[in-house]
Every structure is written in structure tokens, then in C-alpha cells.
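Visitor: Structure incoming, see below.
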Protein chains: 2
Amino acid sequence: MQTKVYLTEDEMPRQWYNIAADLPSPMQPPLGPDGKPITPDMLAPVFPMNIIEQEVSTQRWIDIPEEVLGILCKWRPSPLHRAYALEKALGTPARIYYKNESVSPPGSHKPNTAVPQAWYNKQFGIKKITTETGAGQWGSALAFACSLLGLECKVFMVRISFDQKPFRKLMMETWGATCIASPSTETNAGRQILASHPDTPGSLGIAISEAIEAAVTDKTGSTRYSLGSVLNHVMLHQTIIGLESKKQLEKIGIKQVDVVIGCAGGGSNFAGLAFPFVNDKIHGASIDIIPVEPTSCPTMTKGPFVYDHGDTAKMTPLLPMHSLGHDFIPPPIHAGGLRYHGMAPLVSQTIIEGLVTPRAIDQVECYDAAVLFARTEGIIPAPETSHAIAAAIQEARKAKEEAKEKVILFGFSGHGLMDLSGYDRFFQGKLVSYSLPESEMGSAIRELNGLPRPKVVRTGKW
Amino acid sequence: MQTKVYLTEDEMPRQWYNIAADLPSPMQPPLGPDGKPITPDMLAPVFPMNIIEQEVSTQRWIDIPEEVLGILCKWRPSPLHRAYALEKALGTPARIYYKNESVSPPGSHKPNTAVPQAWYNKQFGIKKITTETGAGQWGSALAFACSLLGLECKVFMVRISFDQKPFRKLMMETWGATCIASPSTETNAGRQILASHPDTPGSLGIAISEAIEAAVTDKTGSTRYSLGSVLNHVMLHQTIIGLESKKQLEKIGIKQVDVVIGCAGGGSNFAGLAFPFVNDKIHGASIDIIPVEPTSCPTMTKGPFVYDHGDTAKMTPLLPMHSLGHDFIPPPIHAGGLRYHGMAPLVSQTIIEGLVTPRAIDQVECYDAAVLFARTEGIIPAPETSHAIAAAIQEARKAKEEAKEKVILFGFSGHGLMDLSGYDRFFQGKLVSYSLPESEMGSAIRELNGLPRPKVVRTGKW
């Protein structure tokens, strides 16, 4: 009874998959403050040009640099597990597989893009990278990558997480990064917020504003900013997850899966696993592809497809995406990585095209699923990951009702060892169900004023 | 450039290696309170008979049950990594390999014995297992194993760790175990200590006494006790580490290593990696085999070879081992897993025979090594593991001085994600060097009164 499938390092994918080459309708461009499409040059103070080129590329396959592969090999190819014990507990005829990204040293899928981003920055002569982090997964991953590549790293961590999760800061420091609470006194954006709201818990939007400001105002010109999700190049780097999964499934004779599931905050974990399968679907395969979000932050299931900013302070371009509004403040659920108002433009586009079908699940159901998973499969899931598990369990139960031997694949994006306090609240019965009423969306979305509208193109050409 | 070596599940060892079959001099028996060798029957209230049979077995190879293999396969065979980046940072001609046991769901080597122990208990009809835990690695591992096998698990956790490490308790609870602070009011042993020392921080010795009492006083007769190190069957179960390592080294053409290193608290991590290589040494191979301990708890390097109890309350039999005295209270260093007064009898015997050469290293040097490792190889080590890394670095520097292309193998026993507070103190400069003066050994050892003496047999027959 084989419980997991490995690939050798030789079998690792040598190229990332760029779904922009295969989308039925072309992506709509990001817009500048003047409402006109922004040009690569306008992004140059923020990102190195080699990453900007990737961001706008429509080339289908993009080579993974050798040195990047060498570092990814420290934990990749990641294992694909068969969830025998979970299947048994559910009494389902479905075969459930999960791709285990928790084996990376920082414990999640995030290093898959942190490593190439740090590498491209280094190639471009950059010495220091700034970023923001919410729950801490992304900040840890970038600190890890910068450490291995010899770059400086500075992380602006949302104040409330900074205070509640001192171990995340220690992880980053052990990898040599600097981690400070946001809002800080080091940037104009931070000082302004502190002046008006001295006791603010901070937000991801504010932290993004600070990290961008810290990068673009560095007078040496050798600092850039890095984002851990949302953007096209981040989706690209994560496709190694799905490409490996396909090879692993082929190795055990599975040519076609029925259901693919990933949790989605900014979208990169979901996209990384799903896009190679979305490509199959575009070319005729019948697959249910499900990005999962919390009912308390229902960007994909309730947010309209609009042009919106990626951050609160509107420092980023306008991106065509599903959004709850850049001034939306999500309720404090435990899956910090899923508390984001927007969704990656590439993922949003696959939703518009009907290629993927988003689903929102309540956090109490997710923790139920996480505990069942921990007690059967043995790995304690991150709160974000529990959303994918809950959806997989829904699908496995449906397969049981329909008496179908479906093949279900989901992304196990990270372990929960650094985020156990949510389990504590769950066991104490303190976690409550919560569905977002429309009145609580960000004002920009409720009123839809002042924002240009992207075209909603449903080609049905797949 | 291959950075790590995997085995397939098919290549996994099917048998454990029992070094008792090959030791140049036979093991001396545990003694009861009357100074006479104890019999298997006397242990029956504490352990199930199938485990007792393993404890006293001298059979060289013992089959790993199929169901145990099925569970171990969730994370095994564990990877063997080549530490290219660390080698480069040290400028050493040595090739450094490490066997990565941090990939298990609880994050250490401990599940290698927790799973078979739970399985043998279940086979024997046992419903519930009690144990103690200090830093929390062992308690987590047994909770994990009992969860997957459907057994109840109760963990007595040393009070000071219980208070300082709430996440460890949450891990155990997520796996369905009960974890309470020791001393507790649930046992006579606990109540007596609390009556005389209401504010005691607890100790491993007290927690062992409570866990044994809780097992033997259960009136249903279906509860037993489990120990995570020290005993022969625990060493046996851990040999899968060394057996896999040998296969992995052979796969890349390495027939002979020069140095094997593991940290040793109770001894099972070291024994698991080293014993298959000790067997090679008995049969003529030239290998330096080094168990590493902290200078603050120098059991192997300063403790005499004596008959001593495994616990403070003298509930365990007298074991022939290196010991600092059962009433020794180690200073509060951060490597909690290495704060034990004794050493496994099998490891002690290999020391007496000169087959392995213990080394004590100060915790400040260990944290230096851990940080260098994290920033080169990318994985944050557990404080215990850092002792093995520090010794590997010493050996790699020696190889550089001698200009020798040595092959060094060390055990990466666990990650440090649950134990980051030690790094905090290290970065703040608050960790101090500490060597134990002889006057601070346990009184039983200082005076050597009241304890029988085992024979010190050095055969030199290897």
C-alpha cells in the first residue's frame, strides 16, 4: 500500500507554466492613477525589470533558473500523499490525494516564489528586499530565501500579528531578516496612520504601503519590494506545485482527476496547484476546480469583478479582480492568509470564464475538518489549509452519496504548528460561524464609485 | 548537483537492528529494589509483554510489523541531505551529510518509536497509554501515534514547560490526547510533591513517577506506560534512521563514512543513527562515532558508569548506565531533551567499550552553529539538534586543518519551530556558557553510596 509518491530531483519540472498563454480571453492591463494602462517602466522603482518582464509575459513555458532549482531541491519535489485514513473515516469511495507543501523549511508553499523572487532581484543587482506580512507565512518565506541567497530582508508585520505571534518574528530573525511592527515610525505612511490612530492593530493594506515606500525611497537604488501573492509572476512560480502533482499522478497511473481544490487568499496557492489542470480543462478535460475562501471574507463568491487597488493606501495600480473593496477590513478569523480584500487577476479571470468554481466555507466547519485530518492523516493543518480540506471532505461525501469513485486532489498548503491558537479557541468552543453581509463590504465596492470597470468577457471557448 | 537522497517506500528497511546481538560484552541486567535482576513478569504491570520481550531480546534483526511500516511511510524514508551550503561557508574539504528527521508531523525522530510502541500496546489489548514529557517532543509524538492507532493517551508534562510552551499542549490536544501539568493532584506521587513543594516547577523524574503510577493503578488493567528513550526497545525502533542512512549513502556510492554524530539526551536519537555504524566498527570499520551532550548536563563525559534509577522517585529498576545521579537537577538550558541525568544502558555500554567517543559542547557554541546552519541550509534546528551540528562543524574544521576529504554524517533530529525562545535569548546575548562542576552532581553519584556497581568490562574485541 503506497501512501505517498515522490519524484526524484531529476524528475522535477524545469519550467513554470504561464496560463496567460492559454486563457480564452486576454488579460486586461493594470491601470495607473490616471486610468491608463501602466507601462513596465512605471513599475521599475518597485520591482526589478526581470520580474516585471515575467509579470507581463505571455510565453507559455518559462525556464526555472538552475540555481533556483538547486535551492528548491532542498525540500522539493514535495510528496503527494494518498489520504487512506481520511477516506476510511469518511467511508467514501473517492480516492483523496493531497500535495504536501508543508515540508518546506518555513512550512508552507510560499518559498516556491520567495526563492525565485530573491534570485531575480539578486541577478538584477538588488541588495535588499522589503515586504509586508500578515500571519507571518510570507515574511518567513522571504526571510528564508534572502538568507540562502545572501540578500538583506526587511519585513513590515501587521502590528496585531507581531504582538500575538512572537515566534514568527523569531523565525525571520533566525534567518537574518529584520522584522518590525506596522504601522511603524520608519515611513510616512506609517507615521501618518500612527498620528491619527495611535492604537491601530495595523492591516495588510497599511503594511504593503510601508514596504513599498521603504523600497522606492531607498536612495542607494538597490532596494526593491516583493509581494507574496496576487501578481502574475507569483502565480507562475507556484505552478511547480501542480506540474509536480500531475507527474506524480501519472506515475501511479492516474491520467485524469475529477476534482482539484485549493484555498485562496491572494490566490497563489490555489493557482499554483490548479492552473496546470485549468489548462487541461481549457483543452477539453472535465474537472471541477474549486478555490475555497472563508465565508467571512468572500472575495470570490460575493465580491464583484472590478478594477481595485491592492492596498488600503492606493499605492498599487488598479488591478482587474474580484474585490470586497480596498478599504474592507475583514473580521479577525484565524486563517490570516485568507483575510485579503482582493483576488489575483489571473484567478479572477478563470472565475469569470467559468473555468473554476469558487466556494466559501465557514471557519467552524474548517476547524472540524482540520481536526479530523490531524487525527487521521497525522499532520496538523494551517488554518488556511483547513479550507481546502473542508471542501475535499464535502466532495468526498458527495461522491459517497453518488456512489462514485472520484479522484479528488487538494493542496495541503502548510502546517499549523505556528498557528495553534486557533485550535485552542476551537476546542474551547469560542469560534463562531460568520457570513459577511453585503453592508460590510468596503465602501468603494458597496457604492462602486470612482472605480473604472474591467470588461466581463465570458468566451465559453473551452 | 543532487542535494538530497530519497529511498522509495519499497526500499525502506523491513527490520530493526538490535545491537545487543553484536556487543562485545553482554549487557548487565536491570536490578530490582532488592538488588537482584528483575524478571519480565515484574515489568508486566508497566509495559505490555510483547514490548518486554523486545526489551530483553538478543535477536539481531526484528521484523517491523506491516501496519507500523504503513504509518511510518507517512513521512519515511526521511531524506538524507548533502550540506553543500554549510560546507561552502566553512570552506571545508569534508562532505557533510545529515539525516533529516524533522520531516515527521510532530517534527522530530520521536514518532519512530511512538508508533511501534502504540501498535504493540494495541495488539496486546491495551486501550490507554500514559507517559511524561519534558520539552514536549515525546508527548507530541506519542499523542500523534495514539491518534492514528485509536488509543487514548495521557501526558504528564513538566509544569515549567507546560506553562512556558502552551503550543506543545495544543499539539497534543489536536491529536486527541490529554495533557496535564506535573506534579498533578491525580497521583499520590504528585500530591506528595505538591504538599511539600506547592510551587515546584516539576521535573522529568517526577513526571515519570506520576505516569507510571497512573498506568499501574488503573483498575481496568488496560492502561500501560510508555517511555520515549533510554530503554533497549526504544533504541531498537530508532535504528531505522541509521539503516536508511546506510542505504542512502550506498545509493550515492559512499561505502564508508569517517564520522557519525548524534545528540544524546536519553540516547535514542544517537543510537538510532549510530548503532548500524557501530556494528560496522565492531566488524573492523574505522569510524569516529560521537554522541554529543551539553556541558551543563555532562552525563557521558563526567558521569560514572553505575547502577542508577531512571527517575527521581526511584520507581524504575536500577539500570547500568552513565549517570549524574537520579536526584541531579540539570540547569535550565534550552535543549530540554538533553536535560536527563542518565544515559541509555546500550549507549553507555558502547562508551565503556570504547566504540563511541562522547563529547560535551557548550550551548552558546551550539546556538552559533544552529544559526549558521539555518542561514546556509535553511532549516531551523531544535536546540537539541544544534549539539550535533556544532560537533559536525568542529569535525569539518578539523578536516580542513588536516586537508582531509572526510565524510561526516550527523543526525538532524528535529526542527526548532516549537522552541524558538532559546534563539531569542541567544540573539539578546542572554545565553551563558556553563560547565557543570563535580560538586553539583546528584548526591547519589557524589558519594556513590547505596548503589550497586555494574562491572566495567572493556573487551577491546572489535
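In the C-alpha cells, chains take the letters A, B, ... in the order shown, each chain's residues start at 1, and ligands count up from 1 in the order shown.
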Select, as a PyMOL selection string, those residues of chain B with any atom no more than 9 Å from chain A (distances computed using only C-alpha atoms).
Guide: chain B and resi 1-6+8-10+70-71+73-75+79+81+85+103-106+144-145+147-150+167+170-171+173-176+371+374-380+415+417-421+423-424+427
Visitor: Per DSSP on the backbone, what are the strand (DSSP E) residues of stretch 134-183 of chain B, as a list of chain:residue names?
Guide: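 Matching residues for strand (DSSP E) in stretch 134-183 of chain B are B:Glu152, B:Cys153, B:Lys154, B:Val155, B:Phe156, B:Met157, B:Val158, B:Thr178, B:Cys179, B:Ile180, B:Ala181, B:Ser182.
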Visitor: Using only C-alpha atoms, which protein or nucleic acid residues come within 8 Å of stretch 124-127 of chain A? Drop anything in the same chain fewer than 3 positions from it, and give the result as a PyMOL selection string.
Guide: chain A and resi 48-50+120-121+151-152+222-224
Visitor: Could you tell me which of B:Leu409, B:Val230, B:Val347, B:Leu338 comes closest to B:Ile254 if we count only C-alpha atoms?
Guide: B:Leu409
Visitor: Which of these residues is nearest to B:Ile389, using only C-alpha atoms: B:Ile261, B:Cys179, B:Met157, B:Ala114?
Guide: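 Among B:Ile261, B:Cys179, B:Met157, B:Ala114, it is B:Ile261 that comes nearest to B:Ile389.
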Visitor: Need to verify the contact set: B:Val432, 9 Å, only C-alpha atoms, exclusion of same-chain residues closer than 3 positions in sequence. Can you return it as JSON, numbers by chain?
Guide: {"B": [362, 363, 364, 426, 429]}
Visitor: Name the residues in contact with A:Ile361 at a cut-off of 12 Å, using only C-alpha atoms, excluding same-chain residues fewer than 3 positions from it; report them as a PyMOL selection string.
Guide: chain A and resi 263-264+290-298+300-301+335+338+358+364-369+384-394+433-436
Visitor: Just to confirm, what's the straight-line distance from atom CA of A:Gly337 to atom CA of A:Lys165 in Å (one decimal)?
Guide: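 Calculated distance between atom CA of A:Gly337 and atom CA of A:Lys165 is 13.9 Å.
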Visitor: Just the residues within 9 Å of A:Phe156, please, counting only C-alpha atoms, with nothing from its chain fewer than 3 positions along; format it as a list of chain:residue names.
Guide: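 Counting only C-alpha atoms, the residues come to A:Thr130, A:Thr131, A:Glu132, A:Thr133, A:Gly134, A:Gly139, A:Arg159, A:Thr178, A:Cys179, A:Ile180, A:Ala181, A:Ser182, A:Pro183, A:Ser184, A:Ala207, A:Ile208, A:Glu210, A:Ala211.
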Visitor: Could you tell me how far atom CA of B:Ile289 sits from atom CA of B:Phe305, in Å to one decimal place?
Guide: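 Value for the atom CA of B:Phe305-atom CA of B:Ile289 distance: 19.0 Å.
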Visitor: Using only C-alpha atoms, which protein or nucleic acid residues come within 9 Å of stretch 188-194 of chain A? Drop anything in the same chain fewer than 2 positions from it, and give the result as an MDAnalysis selection string.
Guide: chainID A and resid 182:186 196:200 202 206:207 209:210 213 313
Visitor: Hey, what does DSSP flag as helix (DSSP H, G or I) within stretch 247-409 of chain A? Can you give it to me as number ranges by chain?
Guide: A: 247-251, 268-282, 299-302, 336-338, 345-352, 363-376, 383-401
Visitor: So how far away is atom CA of A:Leu231 from atom CA of A:Met343, in Å?
Guide: 9.4 Å
